[in-house]
>>> print(open('model_31.cif').read())   # mmCIF, C-alpha atoms and all ligand atoms
data_input
loop_
_atom_site.group_PDB
_atom_site.id
_atom_site.type_symbol
_atom_site.label_atom_id
_atom_site.label_comp_id
_atom_site.auth_asym_id
_atom_site.auth_seq_id
_atom_site.Cartn_x
_atom_site.Cartn_y
_atom_site.Cartn_z
ATOM 1 C CA MET A 9 121.436 87.887 82.279
ATOM 2 C CA LYS A 10 120.985 91.123 80.348
ATOM 3 C CA CYS A 11 117.949 93.261 79.582
ATOM 4 C CA ARG A 12 116.622 92.583 76.093
ATOM 5 C CA VAL A 13 116.076 96.284 75.518
ATOM 6 C CA CYS A 14 119.090 98.102 77.018
ATOM 7 C CA ARG A 15 121.625 95.276 77.723
ATOM 8 C CA GLU A 16 121.998 96.448 81.353
ATOM 9 C CA PRO A 17 121.804 93.742 84.076
ATOM 10 C CA ALA A 18 118.326 92.169 84.144
ATOM 11 C CA VAL A 19 116.176 91.638 87.248
ATOM 12 C CA ILE A 20 113.625 89.206 85.789
ATOM 13 C CA ASP A 21 113.421 86.570 83.093
ATOM 14 C CA ILE A 22 110.125 85.925 81.352
ATOM 15 C CA ARG A 23 110.391 82.498 79.816
ATOM 16 C CA ARG A 24 107.264 82.722 77.697
ATOM 17 C CA HIS A 25 108.721 85.814 76.000
ATOM 18 C CA ASN A 26 112.164 84.164 76.015
ATOM 19 C CA ALA A 27 113.579 87.451 77.342
ATOM 20 C CA ASN A 28 115.094 89.182 80.370
ATOM 21 C CA PHE A 29 114.404 92.741 81.522
ATOM 22 C CA CYS A 30 115.936 95.386 83.783
ATOM 23 C CA SER A 31 113.653 97.078 86.289
ATOM 24 C CA GLU A 32 112.813 100.057 84.078
ATOM 25 C CA HIS A 33 112.049 97.991 80.993
ATOM 26 C CA PHE A 34 110.118 95.372 82.933
ATOM 27 C CA LEU A 35 107.841 98.064 84.396
ATOM 28 C CA ARG A 36 107.425 99.507 80.915
ATOM 29 C CA LEU A 37 106.568 96.038 79.593
ATOM 30 C CA CYS A 38 103.831 95.695 82.230
ATOM 31 C CA ARG A 39 102.309 99.063 81.301
ATOM 32 C CA ASP A 40 102.580 98.225 77.588
ATOM 33 C CA GLN A 41 100.852 94.867 78.089
ATOM 34 C CA VAL A 42 97.985 96.550 79.945
ATOM 35 C CA ALA A 43 97.715 99.278 77.298
ATOM 36 C CA ARG A 44 97.639 96.588 74.622
ATOM 37 C CA ALA A 45 94.888 94.606 76.378
ATOM 38 C CA ILE A 46 92.813 97.799 76.753
ATOM 39 C CA LYS A 47 93.233 98.539 73.036
ATOM 40 C CA ASP A 48 92.895 95.007 71.631
ATOM 41 C CA PHE A 49 89.728 94.258 73.575
ATOM 42 C CA GLU A 50 88.342 97.809 73.324
ATOM 43 C CA MET A 51 87.981 97.915 77.101
ATOM 44 C CA PHE A 52 87.509 101.688 77.447
ATOM 45 C CA GLU A 53 88.467 105.000 75.893
ATOM 46 C CA PRO A 54 91.030 107.543 77.099
ATOM 47 C CA GLY A 55 89.322 109.750 79.669
ATOM 48 C CA ALA A 56 87.149 106.905 80.991
ATOM 49 C CA ARG A 57 86.212 106.993 84.674
ATOM 50 C CA LEU A 58 87.121 103.644 86.194
ATOM 51 C CA LEU A 59 86.226 101.944 89.457
ATOM 52 C CA VAL A 60 88.883 99.432 90.544
ATOM 53 C CA ALA A 61 87.797 96.560 92.778
ATOM 54 C CA VAL A 62 90.646 96.505 95.311
ATOM 55 C CA SER A 63 91.300 93.745 97.813
ATOM 56 C CA GLY A 64 94.779 94.632 99.103
ATOM 57 C CA GLY A 65 96.312 91.793 97.059
ATOM 58 C CA LYS A 66 99.050 92.277 94.473
ATOM 59 C CA ASP A 67 96.844 92.175 91.377
ATOM 60 C CA SER A 68 94.252 94.761 92.349
ATOM 61 C CA LEU A 69 96.811 97.222 93.745
ATOM 62 C CA ALA A 70 99.042 96.749 90.687
ATOM 63 C CA VAL A 71 96.228 97.271 88.182
ATOM 64 C CA TRP A 72 95.173 100.446 89.998
ATOM 65 C CA ASP A 73 98.783 101.662 89.929
ATOM 66 C CA ILE A 74 99.262 100.825 86.234
ATOM 67 C CA LEU A 75 96.003 102.483 85.171
ATOM 68 C CA ARG A 76 96.985 105.651 87.048
ATOM 69 C CA GLU A 77 100.471 105.506 85.467
ATOM 70 C CA LEU A 78 98.764 105.275 82.077
ATOM 71 C CA GLY A 79 96.833 108.446 82.938
ATOM 72 C CA TYR A 80 93.396 107.000 83.618
ATOM 73 C CA ASP A 81 90.980 108.471 86.131
ATOM 74 C CA ALA A 82 90.727 105.407 88.390
ATOM 75 C CA ASP A 83 89.201 105.287 91.882
ATOM 76 C CA GLY A 84 89.172 102.296 94.243
ATOM 77 C CA LEU A 85 86.426 100.421 96.061
ATOM 78 C CA TYR A 86 87.247 98.063 98.909
ATOM 79 C CA ILE A 87 84.695 95.732 100.514
ATOM 80 C CA GLY A 88 85.278 94.579 104.098
ATOM 81 C CA LEU A 89 84.134 90.958 104.017
ATOM 82 C CA GLY A 90 84.554 90.241 107.732
ATOM 83 C CA ILE A 91 86.879 87.276 107.184
ATOM 84 C CA GLY A 92 88.795 87.603 110.459
ATOM 85 C CA GLU A 93 92.406 88.742 110.497
ATOM 86 C CA TYR A 94 92.639 88.386 106.696
ATOM 87 C CA SER A 95 90.043 91.133 106.210
ATOM 88 C CA ASP A 96 91.557 93.348 108.932
ATOM 89 C CA GLU A 97 94.974 93.140 107.295
ATOM 90 C CA SER A 98 93.734 93.565 103.726
ATOM 91 C CA GLY A 99 91.701 96.619 104.786
ATOM 92 C CA ARG A 100 94.730 98.203 106.483
ATOM 93 C CA THR A 101 96.930 97.496 103.456
ATOM 94 C CA THR A 102 94.425 98.942 100.980
ATOM 95 C CA ARG A 103 93.784 102.086 103.034
ATOM 96 C CA ALA A 104 97.530 102.702 103.460
ATOM 97 C CA PHE A 105 98.118 102.265 99.712
ATOM 98 C CA ALA A 106 95.398 104.763 98.789
ATOM 99 C CA GLU A 107 96.319 107.274 101.502
ATOM 100 C CA GLN A 108 100.013 107.300 100.556
ATOM 101 C CA ARG A 109 99.081 108.206 96.996
ATOM 102 C CA GLY A 110 96.088 110.418 97.765
ATOM 103 C CA TRP A 111 93.829 108.349 95.494
ATOM 104 C CA PRO A 112 90.073 108.181 96.207
ATOM 105 C CA LEU A 113 89.053 104.959 97.948
ATOM 106 C CA GLN A 114 85.477 104.060 98.845
ATOM 107 C CA ILE A 115 85.078 101.467 101.612
ATOM 108 C CA ILE A 116 81.995 99.348 102.277
ATOM 109 C CA ASP A 117 82.135 97.146 105.350
ATOM 110 C CA LEU A 118 79.535 94.351 105.186
ATOM 111 C CA ARG A 119 79.147 94.153 108.960
ATOM 112 C CA GLU A 120 78.736 97.913 109.404
ATOM 113 C CA ALA A 121 76.576 98.549 106.365
ATOM 114 C CA TYR A 122 74.481 95.370 106.181
ATOM 115 C CA ASP A 123 74.940 93.611 109.538
ATOM 116 C CA TYR A 124 76.465 90.407 108.197
ATOM 117 C CA ASP A 125 79.831 89.034 107.128
ATOM 118 C CA VAL A 126 80.938 86.310 104.711
ATOM 119 C CA PRO A 127 81.535 83.467 107.238
ATOM 120 C CA THR A 128 78.107 84.087 108.826
ATOM 121 C CA ALA A 129 76.367 84.255 105.438
ATOM 122 C CA ALA A 130 78.006 80.946 104.479
ATOM 123 C CA LYS A 131 76.717 79.291 107.653
ATOM 124 C CA VAL A 132 73.172 80.645 107.308
ATOM 125 C CA THR A 133 72.848 79.790 103.607
ATOM 126 C CA LYS A 134 74.670 76.440 104.028
ATOM 127 C CA ARG A 135 76.779 77.182 100.979
ATOM 128 C CA VAL A 136 80.494 77.683 100.470
ATOM 129 C CA PRO A 137 81.784 81.102 101.620
ATOM 130 C CA CYS A 138 82.857 82.066 98.082
ATOM 131 C CA SER A 139 79.224 81.889 96.974
ATOM 132 C CA ALA A 140 77.936 84.559 99.404
ATOM 133 C CA CYS A 141 81.178 86.487 98.998
ATOM 134 C CA GLY A 142 81.021 86.577 95.196
ATOM 135 C CA LEU A 143 77.360 87.572 95.220
ATOM 136 C CA SER A 144 78.033 90.403 97.694
ATOM 137 C CA LYS A 145 81.062 91.717 95.819
ATOM 138 C CA ARG A 146 79.368 91.624 92.408
ATOM 139 C CA HIS A 147 76.311 93.446 93.688
ATOM 140 C CA LEU A 148 78.186 96.138 95.588
ATOM 141 C CA PHE A 149 80.718 96.809 92.820
ATOM 142 C CA ASP A 150 77.916 96.962 90.236
ATOM 143 C CA GLN A 151 75.820 99.274 92.370
ATOM 144 C CA ALA A 152 78.721 101.600 93.204
ATOM 145 C CA ALA A 153 79.763 101.809 89.557
ATOM 146 C CA VAL A 154 76.262 102.572 88.273
ATOM 147 C CA GLU A 155 75.465 105.068 91.044
ATOM 148 C CA GLY A 156 78.881 106.719 90.758
ATOM 149 C CA GLY A 157 78.587 107.111 86.988
ATOM 150 C CA TYR A 158 81.747 105.075 86.269
ATOM 151 C CA ASP A 159 82.393 103.785 82.755
ATOM 152 C CA ALA A 160 83.638 100.370 83.903
ATOM 153 C CA VAL A 161 84.457 98.176 86.890
ATOM 154 C CA VAL A 162 88.073 96.987 86.728
ATOM 155 C CA THR A 163 89.177 93.735 88.345
ATOM 156 C CA GLY A 164 92.714 92.432 88.810
ATOM 157 C CA HIS A 165 92.263 88.997 87.194
ATOM 158 C CA ASN A 166 95.567 88.060 85.571
ATOM 159 C CA LEU A 167 96.527 85.514 82.920
ATOM 160 C CA ASP A 168 96.974 82.744 85.507
ATOM 161 C CA ASP A 169 93.491 83.381 86.929
ATOM 162 C CA GLU A 170 91.819 83.415 83.529
ATOM 163 C CA ALA A 171 93.685 80.344 82.293
ATOM 164 C CA ALA A 172 92.708 78.458 85.473
ATOM 165 C CA VAL A 173 89.032 79.395 85.060
ATOM 166 C CA LEU A 174 89.195 78.369 81.409
ATOM 167 C CA PHE A 175 90.835 75.078 82.397
ATOM 168 C CA GLY A 176 88.017 74.334 84.877
ATOM 169 C CA ASN A 177 85.297 75.308 82.407
ATOM 170 C CA THR A 178 86.896 73.173 79.708
ATOM 171 C CA LEU A 179 87.405 70.135 81.932
ATOM 172 C CA ARG A 180 83.659 70.058 82.546
ATOM 173 C CA TRP A 181 82.658 71.515 79.160
ATOM 174 C CA GLN A 182 80.620 74.221 80.836
ATOM 175 C CA THR A 183 79.583 75.715 77.544
ATOM 176 C CA ASP A 184 77.499 78.549 79.019
ATOM 177 C CA TYR A 185 80.521 79.754 80.982
ATOM 178 C CA LEU A 186 82.816 79.319 77.973
ATOM 179 C CA ALA A 187 80.395 81.418 75.925
ATOM 180 C CA ARG A 188 80.784 84.285 78.393
ATOM 181 C CA GLN A 189 84.474 84.000 79.299
ATOM 182 C CA LEU A 190 85.836 87.256 77.929
ATOM 183 C CA PRO A 191 88.113 89.981 79.315
ATOM 184 C CA VAL A 192 85.322 92.509 78.691
ATOM 185 C CA LEU A 193 81.663 92.201 79.575
ATOM 186 C CA PRO A 194 79.588 95.022 78.124
ATOM 187 C CA ALA A 195 77.181 97.038 80.250
ATOM 188 C CA ARG A 196 73.586 95.823 80.124
ATOM 189 C CA SER A 197 70.309 96.765 81.813
ATOM 190 C CA GLY A 198 71.483 98.161 85.138
ATOM 191 C CA PHE A 199 74.847 96.356 85.153
ATOM 192 C CA PRO A 200 78.105 98.212 84.459
ATOM 193 C CA ARG A 201 80.786 97.265 81.947
ATOM 194 C CA LYS A 202 83.429 94.931 83.454
ATOM 195 C CA VAL A 203 87.020 94.694 82.312
ATOM 196 C CA LYS A 204 90.172 92.710 83.139
ATOM 197 C CA PRO A 205 93.207 94.717 81.944
ATOM 198 C CA LEU A 206 95.795 92.289 83.456
ATOM 199 C CA VAL A 207 94.974 89.340 81.174
ATOM 200 C CA ARG A 208 98.293 89.679 79.336
ATOM 201 C CA LEU A 209 100.346 89.469 82.584
ATOM 202 C CA GLY A 210 100.994 86.440 84.788
ATOM 203 C CA GLU A 211 101.051 85.999 88.550
ATOM 204 C CA ARG A 212 104.840 86.047 88.795
ATOM 205 C CA GLU A 213 104.994 89.296 86.831
ATOM 206 C CA MET A 214 102.477 90.920 89.159
ATOM 207 C CA VAL A 215 104.572 89.960 92.195
ATOM 208 C CA ALA A 216 107.659 91.427 90.504
ATOM 209 C CA TYR A 217 105.744 94.566 89.509
ATOM 210 C CA CYS A 218 104.704 95.205 93.131
ATOM 211 C CA VAL A 219 108.191 94.559 94.503
ATOM 212 C CA LEU A 220 109.850 96.867 91.965
ATOM 213 C CA ARG A 221 107.240 99.606 92.489
ATOM 214 C CA GLY A 222 107.489 99.312 96.289
ATOM 215 C CA ILE A 223 103.823 98.327 96.601
ATOM 216 C CA ASP A 224 103.097 96.774 99.971
ATOM 217 C CA TYR A 225 100.387 94.149 99.370
ATOM 218 C CA ILE A 226 98.821 91.418 101.489
ATOM 219 C CA VAL A 227 100.661 88.197 100.692
ATOM 220 C CA GLU A 228 98.343 85.935 102.672
ATOM 221 C CA GLU A 229 95.562 84.377 100.602
ATOM 222 C CA CYS A 230 91.967 84.422 101.812
ATOM 223 C CA PRO A 231 91.667 81.487 104.295
ATOM 224 C CA MET A 232 88.349 80.550 102.667
ATOM 225 C CA ALA A 233 90.166 79.716 99.420
ATOM 226 C CA ALA A 234 91.842 76.626 100.938
ATOM 227 C CA GLY A 235 90.776 73.513 99.035
ATOM 228 C CA ASN A 236 89.358 75.672 96.224
ATOM 229 C CA LYS A 237 89.386 73.853 92.843
ATOM 230 C CA HIS A 238 90.744 76.991 91.211
ATOM 231 C CA LEU A 239 94.036 76.619 93.146
ATOM 232 C CA GLY A 240 94.409 73.033 91.935
ATOM 233 C CA TYR A 241 93.903 74.139 88.318
ATOM 234 C CA LYS A 242 96.569 76.806 88.771
ATOM 235 C CA GLU A 243 99.030 74.236 90.097
ATOM 236 C CA ALA A 244 98.299 71.895 87.192
ATOM 237 C CA LEU A 245 98.846 74.692 84.684
ATOM 238 C CA ASN A 246 102.051 75.761 86.440
ATOM 239 C CA ALA A 247 103.405 72.232 86.033
ATOM 240 C CA ILE A 248 102.596 72.352 82.308
ATOM 241 C CA GLU A 249 104.049 75.860 81.964
ATOM 242 C CA ALA A 250 107.322 74.750 83.612
ATOM 243 C CA GLN A 251 107.696 72.052 80.948
ATOM 244 C CA SER A 252 106.488 74.199 78.104
ATOM 245 C CA PRO A 253 106.740 77.974 78.643
ATOM 246 C CA GLY A 254 104.008 79.914 76.884
ATOM 247 C CA SER A 255 101.367 77.178 77.288
ATOM 248 C CA LYS A 256 99.103 79.270 79.513
ATOM 249 C CA GLN A 257 99.153 82.198 77.151
ATOM 250 C CA ALA A 258 98.584 79.951 74.116
ATOM 251 C CA PHE A 259 95.720 78.175 75.900
ATOM 252 C CA TYR A 260 93.895 81.352 76.947
ATOM 253 C CA PHE A 261 94.495 83.545 73.895
ATOM 254 C CA GLY A 262 93.984 80.591 71.541
ATOM 255 C CA PHE A 263 90.573 80.114 73.161
ATOM 256 C CA LEU A 264 89.702 83.808 72.706
ATOM 257 C CA ASP A 265 90.931 83.839 69.094
ATOM 258 C CA ARG A 266 89.612 80.539 67.877
ATOM 259 C CA ALA A 267 86.977 79.041 70.159
ATOM 260 C CA GLN A 268 85.064 81.536 72.293
ATOM 261 C CA ALA A 269 82.902 82.850 69.443
ATOM 262 C CA HIS A 270 81.755 79.308 68.602
ATOM 263 C CA PHE A 271 80.571 78.756 72.156
ATOM 264 C CA ALA A 272 78.865 82.160 72.172
ATOM 265 C CA ALA A 273 77.082 81.426 68.886
ATOM 266 C CA ALA A 274 75.980 77.989 70.055
ATOM 267 C CA ALA A 275 74.797 78.992 73.505
ATOM 268 C CA PRO A 276 71.124 79.889 73.481
ATOM 269 C CA THR A 277 71.026 80.032 77.285
ATOM 270 C CA ALA A 278 73.779 82.657 77.354
ATOM 271 C CA GLU A 279 71.824 84.710 74.871
ATOM 272 C CA ARG A 280 68.649 84.231 76.811
ATOM 273 C CA SER A 281 70.262 85.283 80.075
ATOM 274 C CA ASP A 282 71.162 88.586 78.418
ATOM 275 C CA ALA A 283 67.644 88.931 77.147
ATOM 276 C CA VAL A 284 65.961 87.982 80.440
ATOM 277 C CA GLU A 285 63.378 90.583 81.430
ATOM 278 C CA LEU A 286 64.784 92.305 84.478
ATOM 279 C CA THR A 287 62.684 94.296 86.868
ATOM 280 C CA THR A 288 63.771 96.620 89.653
ATOM 281 C CA CYS A 289 64.523 95.236 93.110
ATOM 282 C CA SER A 290 61.940 96.655 95.498
ATOM 283 C CA SER A 291 64.555 96.881 98.222
ATOM 284 C CA CYS A 292 67.715 98.356 96.620
ATOM 285 C CA GLY A 293 66.440 99.575 93.248
ATOM 286 C CA GLY A 294 69.011 97.501 91.338
ATOM 287 C CA PRO A 295 68.259 95.091 88.473
ATOM 288 C CA SER A 296 66.525 91.900 89.556
ATOM 289 C CA SER A 297 64.781 88.911 88.035
ATOM 290 C CA GLY A 298 62.348 88.731 90.978
ATOM 291 C CA GLU A 299 60.679 91.058 93.460
ATOM 292 C CA ILE A 300 63.936 91.486 95.361
ATOM 293 C CA CYS A 301 67.435 90.801 94.046
ATOM 294 C CA ALA A 302 69.658 87.928 95.201
ATOM 295 C CA PHE A 303 71.804 90.294 97.283
ATOM 296 C CA CYS A 304 68.862 91.792 99.177
ATOM 297 C CA PHE A 305 67.510 88.267 99.689
ATOM 298 C CA LEU A 306 70.876 87.255 101.182
ATOM 299 C CA VAL A 307 70.885 90.310 103.445
ATOM 300 C CA ARG A 308 67.352 89.533 104.675
ATOM 301 C CA ARG A 309 68.287 85.939 105.469
ATOM 302 C CA THR A 310 71.599 86.736 107.091
ATOM 303 C CA ALA A 311 71.472 90.149 108.737
ATOM 304 C CA GLY A 312 71.430 89.939 112.498
ATOM 305 C CA ALA A 313 72.311 86.215 112.611
ATOM 306 C CA GLN A 314 74.697 85.182 115.357
ATOM 307 C CA PRO A 315 78.199 85.863 113.929
ATOM 308 C CA VAL A 316 80.188 82.659 113.479
ATOM 309 C CA ALA A 317 83.816 82.090 114.320
ATOM 310 C CA LEU A 318 86.001 82.076 111.247
ATOM 311 C CA THR A 319 86.534 78.701 109.541
ATOM 312 C CA VAL A 320 90.213 77.988 109.946
ATOM 313 C CA LYS A 321 92.534 77.329 107.042
ATOM 314 C CA GLY A 322 92.293 73.864 105.530
ATOM 315 C CA SER A 323 88.967 72.970 107.131
ATOM 316 C CA SER A 324 86.668 74.407 104.451
HETATM 317 S S1 LIG B 1 85.547 84.717 96.953
HETATM 318 FE FE1 LIG B 1 86.140 83.141 98.390
HETATM 319 FE FE2 LIG B 1 87.693 85.080 97.421
HETATM 320 FE FE3 LIG B 1 85.625 85.731 98.932
HETATM 321 S S2 LIG B 1 85.595 84.026 100.347
HETATM 322 FE FE4 LIG B 1 87.754 84.544 100.041
HETATM 323 S S3 LIG B 1 88.371 83.152 98.408
HETATM 324 S S4 LIG B 1 87.665 86.539 99.109
HETATM 325 S S5 LIG B 1 88.500 86.038 95.636
HETATM 326 ZN ZN ZN B 2 116.578 97.621 80.218
HETATM 327 ZN ZN ZN B 3 68.232 94.471 95.862
#
>>> encode(input="model_31.cif", output="structure tokens")
Amino acid sequence: MKCRVCREPAVIDIRRHNANFCSEHFLRLCRDQVARAIKDFEMFEPGARLLVAVSGGKDSLAVWDILRELGYDADGLYIGLGIGEYSDESGRTTRAFAEQRGWPLQIIDLREAYDYDVPTAAKVTKRVPCSACGLSKRHLFDQAAVEGGYDAVVTGHNLDDEAAVLFGNTLRWQTDYLARQLPVLPARSGFPRKVKPLVRLGEREMVAYCVLRGIDYIVEECPMAAGNKHLGYKEALNAIEAQSPGSKQAFYFGFLDRAQAHFAAAAPTAERSDAVELTTCSSCGGPSSGEICAFCFLVRRTAGAQPVALTVKGSS
């Protein structure tokens, strides 16, 4: 197996590109794919100030590393979700990563700052943990980006993530979601721009990137994700990809090229949600459709509640 570029021994084969790469040219490929996504989707300009949502997992640490390698001014924000040992370990991993490189990392711990955690919020609201978790993360990343004057919030969603979300949205023909499924969401009334620069790279490539760059990431998945539909969609797509390399990429980029605009044009509710009159939350000052925003409402309901023991893997 030889590198397509230099003919030296290769360390990875990428079946959808029908090519093998040595370490140096694989790392270059990853940076090139990110640079291309930034350019093709007009994510941000050179000199942009970026806030990377970091979790300690491979994708968020890799995207932070690649953006810095490409010369962007990128800082990190980590949110301590209070999900038992998983959060302890992911916090340690993220702090060590940032400290080793001397890169600015802001940390918000839900328990310390707001007196709740994700498992407790799930119990109090009687909803799945990912619901309270997603709401908390979106709000805190948005707020930090707007207050910090950042040009965009960066997340580490990769091709496998986006294809799995697209698969789920398509299976149920969730046209509102399809209308908004883009690797860039522009800033609007109090919300920052959001970008996904890893959409041209798959899960396996991100693992290889971290190994070759010596990035120590948390391998364990969030225990709350067990039984998540998203994981089932990924497995289904992996089975298809094994039979027919390139299917995931064709599915996702074919949707962006040929279908997304139709859903956007035909989705009055998506347009209306952009046009919804937003007021200012009386509690946090952020954008809100009511007197207080959904995050502040969650905090009011949950703060101070008896902390619950973590739901163990497989029981959610
Ligand atoms: S949403 Fe759900 Fe993730 Fe939050 S509770 Fe865990 S699995 S961390 S991306
Ligand atoms: Zn090479
Ligand atoms: Zn609020």
>>> residues_near_ligand(input="model_31.cif", ligand="ligand ZN 2 (chain B)", cutoff="10 Å", atoms="all atoms listed in the file", output="VMD selection string")
chain A and resid 10 to 19 28 to 36
>>> atom_distance(input="model_31.cif", atom1="atom CA of Met232 of chain A", atom2="atom CA of Leu174 of chain A")
21.4 Å
>>> closest_atom_pairs(input="model_31.cif", of="chain A", to="ligand ZN 3 (chain B)", cutoff="8 Å", atoms="only C-alpha atoms and all ligand atoms", output="CSV")
residue,atom,partner,partner_atom,distance
A:Thr288,CA,B:ZN3,ZN,7.9
A:Cys289,CA,B:ZN3,ZN,4.7
A:Ser290,CA,B:ZN3,ZN,6.7
A:Ser291,CA,B:ZN3,ZN,5.0
A:Cys292,CA,B:ZN3,ZN,4.0
A:Gly293,CA,B:ZN3,ZN,6.0
A:Gly294,CA,B:ZN3,ZN,5.5
A:Pro295,CA,B:ZN3,ZN,7.4
A:Ser296,CA,B:ZN3,ZN,7.0
A:Ile300,CA,B:ZN3,ZN,5.3
A:Cys301,CA,B:ZN3,ZN,4.2
A:Ala302,CA,B:ZN3,ZN,6.7
A:Phe303,CA,B:ZN3,ZN,5.7
A:Cys304,CA,B:ZN3,ZN,4.3
A:Phe305,CA,B:ZN3,ZN,7.3
>>> write_last_selection(input="model_31.cif", atoms="C-alpha atoms", output="short mmCIF file (atom, residue, chain, number, x, y, z; two decimals), in the coordinates of the input")
data_model
loop_
_atom_site.label_atom_id
_atom_site.label_comp_id
_atom_site.auth_asym_id
_atom_site.auth_seq_id
_atom_site.Cartn_x
_atom_site.Cartn_y
_atom_site.Cartn_z
CA THR A 288 63.77 96.62 89.65
CA CYS A 289 64.52 95.24 93.11
CA SER A 290 61.94 96.66 95.50
CA SER A 291 64.56 96.88 98.22
CA CYS A 292 67.72 98.36 96.62
CA GLY A 293 66.44 99.58 93.25
CA GLY A 294 69.01 97.50 91.34
CA PRO A 295 68.26 95.09 88.47
CA SER A 296 66.53 91.90 89.56
CA ILE A 300 63.94 91.49 95.36
CA CYS A 301 67.44 90.80 94.05
CA ALA A 302 69.66 87.93 95.20
CA PHE A 303 71.80 90.29 97.28
CA CYS A 304 68.86 91.79 99.18
CA PHE A 305 67.51 88.27 99.69
#
>>> atom_distance(input="model_31.cif", atom1="atom CA of Pro276 of chain A", atom2="atom CA of Pro191 of chain A")
20.6 Å
>>> resolve_selection(input="model_31.cif", expression="the PyMOL selection byres (((chain A and resi 153) around 12) and not hetatm)", output="PyMOL selection string")
chain A and resi 57-61+82-85+114+145-152+154-162+195+198-202+294
>>> residues_near_ligand(input="model_31.cif", ligand="ligand LIG 1 (chain B)", cutoff="6 Å", atoms="all atoms listed in the file", output="number ranges by chain")
A: 137-138, 141-142, 230, 232-233
>>> residues_around(input="model_31.cif", residues="Ala269 of chain A", least_positions_apart="2", cutoff="12 Å", atoms="only C-alpha atoms", output="PyMOL selection string")
chain A and resi 183-184+186-190+262-267+271-275
>>> atom_distance(input="model_31.cif", atom1="atom CA of Ser68 of chain A", atom2="atom CA of Glu170 of chain A")
14.6 Å
>>> resolve_selection(input="model_31.cif", expression="the PyMOL selection byres (((chain A and resi 216) around 10) and not hetatm)", output="list of chain:residue names")
A:Val19, A:Ile20, A:Ser31, A:Phe34, A:Leu35, A:Lys66, A:Glu211, A:Arg212, A:Glu213, A:Met214, A:Val215, A:Tyr217, A:Cys218, A:Val219, A:Leu220, A:Arg221, A:Gly222, A:Ile223
>>> closest_residue(input="model_31.cif", among="A:Tyr80, A:Tyr260, A:Tyr122, A:Phe49", to="Gly210 of chain A", atoms="only C-alpha atoms")
A:Tyr260
>>> closest_residue(input="model_31.cif", among="A:Ala130, A:Ala106, A:Leu209, A:Ala45", to="Gln257 of chain A", atoms="all atoms listed in the file")
A:Leu209
>>> closest_residue(input="model_31.cif", among="A:Gly312, A:Asp125, A:Ile91, A:Leu206", to="His165 of chain A", atoms="all atoms listed in the file")
A:Leu206
>>> closest_residue(input="model_31.cif", among="A:Arg208, A:Gly92, A:Ala234, A:Val71", to="Val136 of chain A", atoms="all atoms listed in the file")
A:Ala234
